[in-house]
$ cat start-v7.txt   # compact mmCIF, C-alpha atoms
# COMPACT_ATOMS: atom_id res chain seq x y z
CA MET A 1099 0.08 4.40 25.23
CA LYS A 1100 2.77 2.56 23.31
CA ILE A 1101 1.71 1.38 19.85
CA THR A 1102 3.64 -1.81 19.14
CA GLN A 1103 2.57 -2.18 15.51
CA PHE A 1104 0.35 -0.41 12.97
CA TYR A 1105 -0.77 -1.85 9.63
CA PRO A 1106 -3.73 -1.73 7.28
CA LEU A 1107 -6.08 -4.71 7.22
CA ILE A 1108 -8.02 -4.97 3.99
CA GLN A 1109 -11.24 -6.96 3.68
CA VAL A 1110 -11.40 -8.87 0.39
CA THR A 1111 -13.29 -11.64 -1.37
CA ASP A 1112 -10.19 -13.55 -2.54
CA VAL A 1113 -7.59 -13.68 0.23
CA SER A 1114 -5.10 -15.85 -1.66
CA ALA A 1115 -5.12 -13.81 -4.89
CA THR A 1116 -4.79 -10.57 -2.94
CA ALA A 1117 -1.87 -11.87 -0.86
CA ASP A 1118 -0.18 -13.14 -4.04
CA PHE A 1119 -0.60 -9.71 -5.66
CA TYR A 1120 1.19 -7.89 -2.81
CA CYS A 1121 3.95 -10.51 -2.70
CA LYS A 1122 4.48 -10.21 -6.47
CA HIS A 1123 4.45 -6.42 -6.75
CA PHE A 1124 5.75 -5.21 -3.37
CA ASP A 1125 8.00 -8.04 -2.09
CA PHE A 1126 5.87 -9.07 0.86
CA GLU A 1127 5.90 -12.60 2.27
CA PRO A 1128 3.36 -14.34 4.51
CA ALA A 1129 4.15 -14.32 8.23
CA PHE A 1130 0.80 -16.08 8.88
CA ASP A 1131 -1.11 -17.80 6.09
CA SER A 1132 -4.59 -19.30 6.28
CA ASP A 1133 -7.54 -19.48 3.89
CA TRP A 1134 -9.32 -16.59 5.68
CA TYR A 1135 -6.42 -14.36 6.82
CA VAL A 1136 -2.88 -13.68 5.60
CA HIS A 1137 -0.50 -11.42 7.51
CA LEU A 1138 2.11 -10.09 5.10
CA GLN A 1139 5.50 -8.72 6.05
CA SER A 1140 7.91 -6.79 3.82
CA LYS A 1141 11.00 -8.83 2.98
CA GLY A 1142 13.16 -5.70 3.07
CA THR A 1143 11.48 -3.87 5.96
CA PRO A 1144 10.02 -6.25 8.55
CA THR A 1145 8.22 -3.43 10.36
CA THR A 1146 6.09 -2.85 7.25
CA ASN A 1147 3.07 -5.15 7.36
CA LEU A 1148 -0.25 -5.61 5.57
CA ALA A 1149 -3.11 -7.89 6.58
CA VAL A 1150 -5.61 -9.49 4.19
CA LEU A 1151 -8.90 -10.78 5.64
CA ASP A 1152 -11.89 -12.56 4.13
CA ALA A 1153 -14.55 -9.83 4.04
CA TRP A 1154 -17.23 -12.17 5.40
CA HIS A 1155 -15.26 -13.92 8.15
CA ASP A 1156 -17.08 -14.32 11.46
CA THR A 1157 -14.36 -12.43 13.37
CA ILE A 1158 -15.75 -9.25 11.78
CA PRO A 1159 -18.94 -7.89 13.36
CA THR A 1160 -21.91 -8.19 10.99
CA ALA A 1161 -22.12 -4.41 10.60
CA GLY A 1162 -18.52 -4.33 9.29
CA GLN A 1163 -18.59 -7.28 6.93
CA GLY A 1164 -18.06 -6.69 3.23
CA VAL A 1165 -15.37 -5.50 0.85
CA THR A 1166 -13.24 -2.49 1.81
CA LYS A 1167 -14.33 0.72 0.13
CA GLY A 1168 -13.06 4.28 0.10
CA MET A 1169 -9.40 3.82 0.88
CA MET A 1170 -6.04 4.21 -0.81
CA ILE A 1171 -2.85 2.55 0.41
CA SER A 1172 0.39 4.52 0.05
CA PHE A 1173 3.79 2.89 -0.29
CA GLU A 1174 6.74 5.24 0.14
CA VAL A 1175 9.72 3.65 -1.60
CA ASP A 1176 13.33 4.63 -2.25
CA ASN A 1177 13.04 4.52 -6.05
CA VAL A 1178 9.53 4.85 -7.50
CA ASP A 1179 10.82 4.55 -11.08
CA ASN A 1180 12.15 1.04 -10.39
CA VAL A 1181 8.94 -0.02 -8.65
CA HIS A 1182 6.85 1.41 -11.50
CA GLU A 1183 8.88 -0.55 -14.03
CA LYS A 1184 8.43 -3.78 -12.03
CA CYS A 1185 4.69 -3.25 -11.51
CA VAL A 1186 4.09 -2.53 -15.21
CA ALA A 1187 6.18 -5.56 -16.23
CA ASN A 1188 4.17 -7.74 -13.81
CA GLY A 1189 0.85 -6.53 -15.23
CA MET A 1190 -0.43 -4.17 -12.54
CA GLU A 1191 -3.21 -1.90 -13.81
CA ILE A 1192 -1.88 1.67 -13.64
CA VAL A 1193 -4.58 4.36 -13.36
CA GLN A 1194 -2.29 7.37 -12.94
CA PRO A 1195 1.01 7.42 -14.79
CA LEU A 1196 4.31 8.15 -13.11
CA ARG A 1197 4.67 11.90 -12.55
CA ASP A 1198 6.15 14.60 -10.33
CA GLU A 1199 3.88 16.63 -8.06
CA PRO A 1200 4.68 20.15 -6.86
CA HIS A 1201 3.82 19.19 -3.27
CA GLY A 1202 6.91 16.96 -3.11
CA GLN A 1203 6.14 13.54 -4.59
CA ARG A 1204 7.10 11.52 -7.62
CA HIS A 1205 4.46 8.81 -7.84
CA PHE A 1206 2.05 6.61 -9.75
CA ILE A 1207 -1.22 4.98 -8.78
CA GLY A 1208 -2.10 1.37 -9.49
CA ILE A 1209 -5.04 -0.87 -8.61
CA ASP A 1210 -5.01 -4.10 -6.60
CA PRO A 1211 -7.32 -7.06 -7.44
CA ASN A 1212 -10.06 -5.59 -5.20
CA GLY A 1213 -10.08 -2.15 -6.80
CA ILE A 1214 -8.09 -0.55 -3.95
CA MET A 1215 -5.88 2.24 -5.26
CA LEU A 1216 -2.16 2.02 -4.44
CA ASP A 1217 -0.22 5.29 -4.40
CA VAL A 1218 3.49 4.49 -4.82
CA ILE A 1219 5.66 7.46 -3.84
CA THR A 1220 9.22 8.70 -3.63
CA PRO A 1221 9.57 12.09 -1.91
CA ILE A 1222 11.13 14.87 -3.99
CA PRO A 1223 11.79 18.52 -3.12
CA PRO A 1224 8.53 20.50 -3.15
CA SER A 1225 7.99 23.68 -5.12
CA ALA A 1226 8.41 27.01 -3.32
CA GLU A 1227 4.62 27.30 -3.20
CA PHE A 1228 4.31 24.13 -1.12
CA LEU A 1229 7.54 24.41 0.88
CA ALA A 1230 5.96 26.87 3.32
CA GLN A 1231 3.26 24.33 4.21
CA TYR A 1232 5.77 21.82 5.61
CA ARG A 1233 7.08 21.72 9.15
CA ASP A 1234 10.87 22.30 8.96
CA ASP A 1235 11.76 18.72 9.90
CA ALA A 1236 9.20 17.19 7.50
CA VAL A 1237 10.30 18.69 4.16
CA PRO A 1238 10.82 15.96 1.53
CA THR A 1239 14.26 15.89 -0.05
$ encode --input "start-v7.txt" --output "structure tokens"
Amino acid sequence: MKITQFYPLIQVTDVSATADFYCKHFDFEPAFDSDWYVHLQSKGTPTTNLAVLDAWHDTIPTAGQGVTKGMMISFEVDNVDNVHEKCVANGMEIVQPLRDEPHGQRHFIGIDPNGIMLDVITPIPPSAEFLAQYRDDAVPT
């Protein structure tokens, strides 16, 4: 099997406000824009995509309709400090302050308009304790 694209699709009650949020904070732009679905593409990395869908749209089977629950979206970025500064300046609610983790991440966690947590990360070298848990070619630097 060849996967040609992979992206999260979040089910929300306000498609427009959610799309605007991701454009404002993470530099996405609409590649497809309707009142029930917006396909967002990163301006800087076109292979990074995010879809926003009306939670009650009839393309979703009845059993799956409703707002997305129980997920966190991670954005790995080249400079988390700069992104943190931009997100704070633009009014994003931050629920975990910027900090370094011994497992090899500098990150913060914010909230989107639907309550979905957003973990914004820059890899950093892990502590010796965690280094052994990484495959050799997967160690953050």
$ residues_around --input "start-v7.txt" --residues "region 1111-1125 of chain A" --least-positions-apart "5" --cutoff "9 Å" --atoms "all atoms listed in the file" --output "PyMOL selection string"
chain A and resi 1131-1142+1148-1154+1164-1165+1173+1181+1184-1185+1188+1190+1210-1212
$ residues_around --input "start-v7.txt" --residues "Ala1226 (chain A)" --least-positions-apart "2" --cutoff "12 Å" --atoms "only C-alpha atoms" --output "list in words"
Pro1200, His1201, Gly1202, Pro1223, Pro1224, Phe1228, Leu1229, Ala1230, Gln1231, Tyr1232 and Val1237 of chain A
$ atom_distance --input "start-v7.txt" --atom1 "CA of Asp1198 (chain A)" --atom2 "CA of Val1178 (chain A)"
10.7 Å
$ residues_around --input "start-v7.txt" --residues "His1182 (chain A)" --least-positions-apart "4" --cutoff "8 Å" --atoms "all atoms listed in the file" --output "number ranges by chain"
A: 1178, 1186, 1196, 1206
$ closest_residue --input "start-v7.txt" --among "A:Met1099, A:Gly1213, A:Asp1234, A:Ser1225" --to "Lys1167 (chain A)" --atoms "only C-alpha atoms"
A:Gly1213
$ atom_distance --input "start-v7.txt" --atom1 "CA of Pro1128 (chain A)" --atom2 "CA of Asn1147 (chain A)"
9.6 Å
$ atom_distance --input "start-v7.txt" --atom1 "CA of Thr1160 (chain A)" --atom2 "CA of Val1110 (chain A)"
14.9 Å
$ closest_residue --input "start-v7.txt" --among "A:Ile1222, A:Ile1214, A:Ala1187, A:Val1193" --to "Glu1174 (chain A)" --atoms "only C-alpha atoms"
A:Ile1222
$ closest_residue --input "start-v7.txt" --among "A:Ile1101, A:Ile1158, A:Leu1107, A:Ile1219" --to "Val1175 (chain A)" --atoms "all atoms listed in the file"
A:Ile1219
